[in-house]
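Working notes for the structure below.
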Amino acid sequence: MRQVRRQTLSIAAAVMLPLLILAGLQLYGGVNARRLELEALSRTRADEIMRLVDTQIRGEMNLARVLASSDAIKQDDAPRAHSRAREVMDATGSWRTVRLSDPHTGLELFDMRRPALAAPRPVGADVLALGREPFDVPVIGGVEKGAAGVHSVALHTPILRDGRLRYILTVELNPASVQQIAMPRYPDGTVVAGVVDRSGRFISRSLHYADQVGRPGSVQLRKAVADGGRGFYRNLTLEGVPTYTGYVTSPLTGWSTHVAVSASPFDAARYWSTAIWVAVTLGCLGLSALMIWLTLRDLAQVRREEESLRQAQKMEAVGHLTGGIAHDFNNLLTAIIGSLDLMLRRSEPGDRNRRYLEGALDAAQRGAKLTSRLLAFSRIQRLGVEPVDIVATLEGMSELLDQSLGPAITVKVQVAPEARWVSTDRNQLELALLNLSVNARDAMPEGGELTFTASLLNPRRDGRPSPSVDLTVSDTGQGMAPAVLQHAFDPFFTTKAVSKGTGLGLAQVYAFARQSAGDVKIDSEVGRGTRVHLILPVAAQAHTPASAPIEAQVLAEASVGDGARILVLDDDESVRDVLVESLRARGYVVFQAANGEDALNALADIDPDLFVLDFLMPGLNGAEVARRARQMRPHQKLLVVSGHLDTSALEAAIEGVPILRKPFDGATLARRVAQALKGDGA
């Protein structure tokens, strides 16, 4: 009997000991994983905020460059430059003042806080230091407190003459503009978050901003700022709260964003780990059952992932099928659109054939849009992601929906205010909603009700890292059988009669949702209708910026060339002829080459102002030609035209070179050429 007990105890110990070890490892791993998750989350949030701030600062830099390149400054006309600066200041609202300084004489020509005709005064120490060592790119400083007790951030823009520093244009930015950008994005659940300059002084802060702006952060924060880059550290805030803080440093400004969460929950978990380990011992049997349940759940997750992988492989196969012909098709459309555009330019306004040319051009352009939409599910064409208003989108589609659905179907829209804006591609969203609406119409041959609803999903409930919008399209139609539902997203799968459907509608919706960092799900039962849940990332309300004056100037100048010399390289003769004739018609001197070797041989002799080249060509491709051209002429301006649709691969191969995608019309070509000649890669 005793032997039986020992054997029982040995078996129990053999079972319990590994369980205890496993419990301890799981406990440690859980606390550590949570800390790593917290670290990644805080740094991700910090990175998001830093990108927003960088975008704002880039805009301020670009605006300062525009002011620095004004004719008034070029002509050394200080009063007129003062007036121009006043106009820009009034338009931005984020500039406290503008100063123009001459580093050679050490005099400040004007300061917007003084009258335009005030006598020059000595420059400040910051400008004096910059003038000692010439610089050729804008320099942004930290937050400083002026004589009037007002904080500002100085942005110094060099003004060069013949490659040498002539003036320094200084813009003092209001830190409150950074606070307005960053404050709405400071994540919930954080103790404190903020943006600091290179010396660790606060430019923006989620707590007590008015009192803390310009004040140095904690010792730990300043040490992290000195280390630079990105990281994670334990901190004691200015309010005395212990936190864990993730930070990210901007390579543009040297500023950094810090996002801090309370350290108490994680420190407590560490202190109580021993006690929890004892508690785990008492629950070993329960833990075993839990592990079995987790294993079964993981197996179910694996099955779901395998199904998702099979779906992705199907979509990839269709993507390769469509993408393989896209390049040649885009070349054909480029030649057609370009030729029609040239014919229209040469026809008289009263020519009776003009309307036929315009109709053909419109059809070709619609063909280009159709190609773009068909290729959306290939996942190689990047979406134009932007904040999209669901209500405005549905209102804009109302006439099209009425025509497509007919009078027997009633349309209802129910959009929650907090779920009105999503981050996605506007055109692809319209196409997806139209596809779903047409499917719903076919499921309700006797009429019915089609409802669009949008609600905000809780990220904790649906497992997504950030809030998402559930845009649901519901119908009261026939519903789907399980066998049909299983293959609903398969490309070319359709239950419609021959010539009634292509089977690409739901496949396009699936690819669009996944490419938008979202998802799509279908709930359907036979006789109880269908509900398609289109899950998309939530976006803040968009604000349409005013058009910059420089854009209007570029558009005006795009229609007439200035005799600039342009070398055109394209292996497709019809496309090359269109490019050459379109540019010559706009006053450019154009040379052409049919392959990379001929273009490189001609490059040194022609000495062009701009080199326009195709990407996909036999022999040397556009990337190799561009690289060799830059070796021959380091400052050669380039413009790549391509029908190649793999956006990521294309941009990686020709990094830093502006791209014009085929097909395009003459006006677009002229505008992009004018921009490339000006050195604008937009």
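Each chain in the structure tokens gets a letter, A, B and so on, in the order shown; residues start at 1 in every chain, and ligands are counted from 1 in the order they appear.
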
Filtered DSSP result for segment 79-200 of chain A, state helix (DSSP H, G or I), as a PyMOL selection string: chain A and resi 79-92+125-132+175-185

Give me a file of those residues, with N, CA and C atoms, as a short mmCIF file (atom, residue, chain, number, x, y, z; two decimals), in the first residue's frame.
```
data_model
loop_
_atom_site.label_atom_id
_atom_site.label_comp_id
_atom_site.auth_asym_id
_atom_site.auth_seq_id
_atom_site.Cartn_x
_atom_site.Cartn_y
_atom_site.Cartn_z
N PRO A 79 11.66 96.51 -47.95
CA PRO A 79 10.27 96.89 -47.65
C PRO A 79 9.25 95.97 -48.32
N ARG A 80 9.51 95.63 -49.59
CA ARG A 80 8.56 94.75 -50.27
C ARG A 80 8.61 93.33 -49.68
N ALA A 81 9.80 92.87 -49.29
CA ALA A 81 9.92 91.57 -48.62
C ALA A 81 9.18 91.59 -47.29
N HIS A 82 9.26 92.75 -46.58
CA HIS A 82 8.52 92.90 -45.32
C HIS A 82 7.02 92.76 -45.57
N SER A 83 6.53 93.36 -46.63
CA SER A 83 5.10 93.29 -46.95
C SER A 83 4.70 91.87 -47.32
N ARG A 84 5.56 91.19 -48.10
CA ARG A 84 5.25 89.80 -48.49
C ARG A 84 5.23 88.89 -47.26
N ALA A 85 6.17 89.12 -46.35
CA ALA A 85 6.21 88.32 -45.13
C ALA A 85 4.95 88.53 -44.30
N ARG A 86 4.44 89.77 -44.28
CA ARG A 86 3.21 90.05 -43.54
C ARG A 86 2.03 89.26 -44.11
N GLU A 87 1.98 89.16 -45.44
CA GLU A 87 0.90 88.41 -46.07
C GLU A 87 0.96 86.94 -45.66
N VAL A 88 2.16 86.36 -45.68
CA VAL A 88 2.31 84.95 -45.33
C VAL A 88 1.97 84.73 -43.86
N MET A 89 2.44 85.63 -42.99
CA MET A 89 2.16 85.50 -41.56
C MET A 89 0.66 85.52 -41.29
N ASP A 90 -0.03 86.44 -41.94
CA ASP A 90 -1.47 86.54 -41.73
C ASP A 90 -2.19 85.29 -42.23
N ALA A 91 -1.62 84.66 -43.25
CA ALA A 91 -2.27 83.47 -43.83
C ALA A 91 -2.04 82.23 -42.96
N THR A 92 -0.86 82.10 -42.35
CA THR A 92 -0.55 80.87 -41.60
C THR A 92 -1.17 80.87 -40.22
N ALA A 125 22.17 86.29 -31.40
CA ALA A 125 23.27 85.33 -31.26
C ALA A 125 23.05 84.08 -32.10
N ASP A 126 21.76 83.65 -32.24
CA ASP A 126 21.50 82.44 -33.01
C ASP A 126 21.87 82.62 -34.48
N VAL A 127 21.49 83.77 -35.06
CA VAL A 127 21.82 84.04 -36.46
C VAL A 127 23.32 84.25 -36.63
N LEU A 128 23.94 84.92 -35.66
CA LEU A 128 25.37 85.17 -35.73
C LEU A 128 26.15 83.86 -35.75
N ALA A 129 25.72 82.88 -34.95
CA ALA A 129 26.39 81.58 -34.92
C ALA A 129 26.20 80.84 -36.24
N LEU A 130 25.00 80.92 -36.81
CA LEU A 130 24.76 80.25 -38.09
C LEU A 130 25.58 80.87 -39.21
N GLY A 131 25.77 82.19 -39.17
CA GLY A 131 26.49 82.87 -40.24
C GLY A 131 27.97 82.53 -40.28
N ARG A 132 28.52 82.03 -39.18
CA ARG A 132 29.96 81.72 -39.17
C ARG A 132 30.28 80.52 -40.05
N PRO A 175 4.78 77.57 -30.47
CA PRO A 175 4.71 76.16 -30.03
C PRO A 175 3.28 75.66 -29.89
N ALA A 176 2.34 76.58 -29.72
CA ALA A 176 0.94 76.16 -29.58
C ALA A 176 0.45 75.43 -30.82
N SER A 177 1.04 75.73 -31.99
CA SER A 177 0.63 75.03 -33.21
C SER A 177 1.01 73.56 -33.14
N VAL A 178 2.16 73.25 -32.51
CA VAL A 178 2.55 71.85 -32.30
C VAL A 178 1.61 71.20 -31.30
N GLN A 179 1.24 71.93 -30.24
CA GLN A 179 0.30 71.41 -29.24
C GLN A 179 -1.04 71.08 -29.88
N GLN A 180 -1.50 71.92 -30.80
CA GLN A 180 -2.79 71.67 -31.46
C GLN A 180 -2.75 70.42 -32.32
N ILE A 181 -1.59 70.14 -32.91
CA ILE A 181 -1.46 68.94 -33.74
C ILE A 181 -1.34 67.70 -32.87
N ALA A 182 -0.52 67.76 -31.83
CA ALA A 182 -0.19 66.57 -31.04
C ALA A 182 -1.26 66.22 -30.02
N MET A 183 -1.90 67.23 -29.40
CA MET A 183 -2.79 66.98 -28.27
C MET A 183 -3.92 65.99 -28.60
N PRO A 184 -4.61 66.11 -29.76
CA PRO A 184 -5.70 65.16 -30.04
C PRO A 184 -5.20 63.73 -30.22
N ARG A 185 -3.89 63.53 -30.51
CA ARG A 185 -3.37 62.19 -30.77
C ARG A 185 -2.69 61.58 -29.55
#
```

Best match for closeness to Pro608 of chain A among A:Leu677, A:Pro122, A:Glu133, A:Gly666, counting only C-alpha atoms: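 Of all the options, A:Leu677 lies closest to Pro608 of chain A.
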
Segment 560-570 of chain A: which residues within 8 Å, counting only C-alpha atoms, same-chain residues fewer than 5 positions away excluded, as a VMD selection string? chain A and resid 575 to 576 579 to 580 583 586 to 596 599 603 606 to 614 617

Exercise: Arg166 of chain A partners within 7 Å, only C-alpha atoms, chain neighbours under 6 positions left out, as a tab-separated table (two decimals) with all heavy atoms, in the first residue's frame:
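Writing done, so here's part-v1.tsv:
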```tsv
chain	number	residue	atom	x	y	z
A	102	ASP	N	21.32	89.84	-42.52
A	102	ASP	CA	22.50	89.79	-43.39
A	102	ASP	C	23.68	89.33	-42.53
A	102	ASP	O	24.21	90.10	-41.71
A	102	ASP	CB	22.78	91.18	-43.97
A	102	ASP	CG	23.90	91.15	-45.00
A	102	ASP	OD1	24.69	90.18	-45.00
A	102	ASP	OD2	24.00	92.10	-45.79
A	159	ILE	N	19.40	81.70	-47.60
A	159	ILE	CA	19.14	82.27	-48.93
A	159	ILE	C	20.50	82.41	-49.61
A	159	ILE	O	21.36	83.16	-49.16
A	159	ILE	CB	18.44	83.63	-48.83
A	159	ILE	CG1	17.11	83.48	-48.07
A	159	ILE	CG2	18.22	84.23	-50.21
A	159	ILE	CD1	16.40	84.78	-47.81
A	160	LEU	N	20.68	81.61	-50.67
A	160	LEU	CA	21.98	81.51	-51.32
A	160	LEU	C	22.02	82.33	-52.60
A	160	LEU	O	21.01	82.48	-53.30
A	160	LEU	CB	22.31	80.05	-51.64
A	160	LEU	CG	22.23	79.06	-50.47
A	160	LEU	CD1	22.54	77.66	-50.94
A	160	LEU	CD2	23.18	79.47	-49.35
```

What's the 12 Å shell around Arg113 of chain A, counting only C-alpha atoms, without same-chain residues fewer than 2 positions away, as a list of chain:residue names?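 Counting only the stated atoms, we get A:His82, A:Ala85, A:Arg86, A:Met89, A:Trp95, A:Arg96, A:Thr97, A:Val98, A:Arg99, A:Leu100, A:Phe110, A:Asp111, A:Pro115, A:Ala116, A:Leu117, A:Ala118, A:Ala148, A:Val171, A:Glu172.
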
Nearest to Leu207 of chain A among A:Gly656, A:Gly194, A:Gly229, A:Pro618, with distances taken over only C-alpha atoms: which residue is it?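 Distance minimum relative to Leu207 of chain A lands on A:Gly194.
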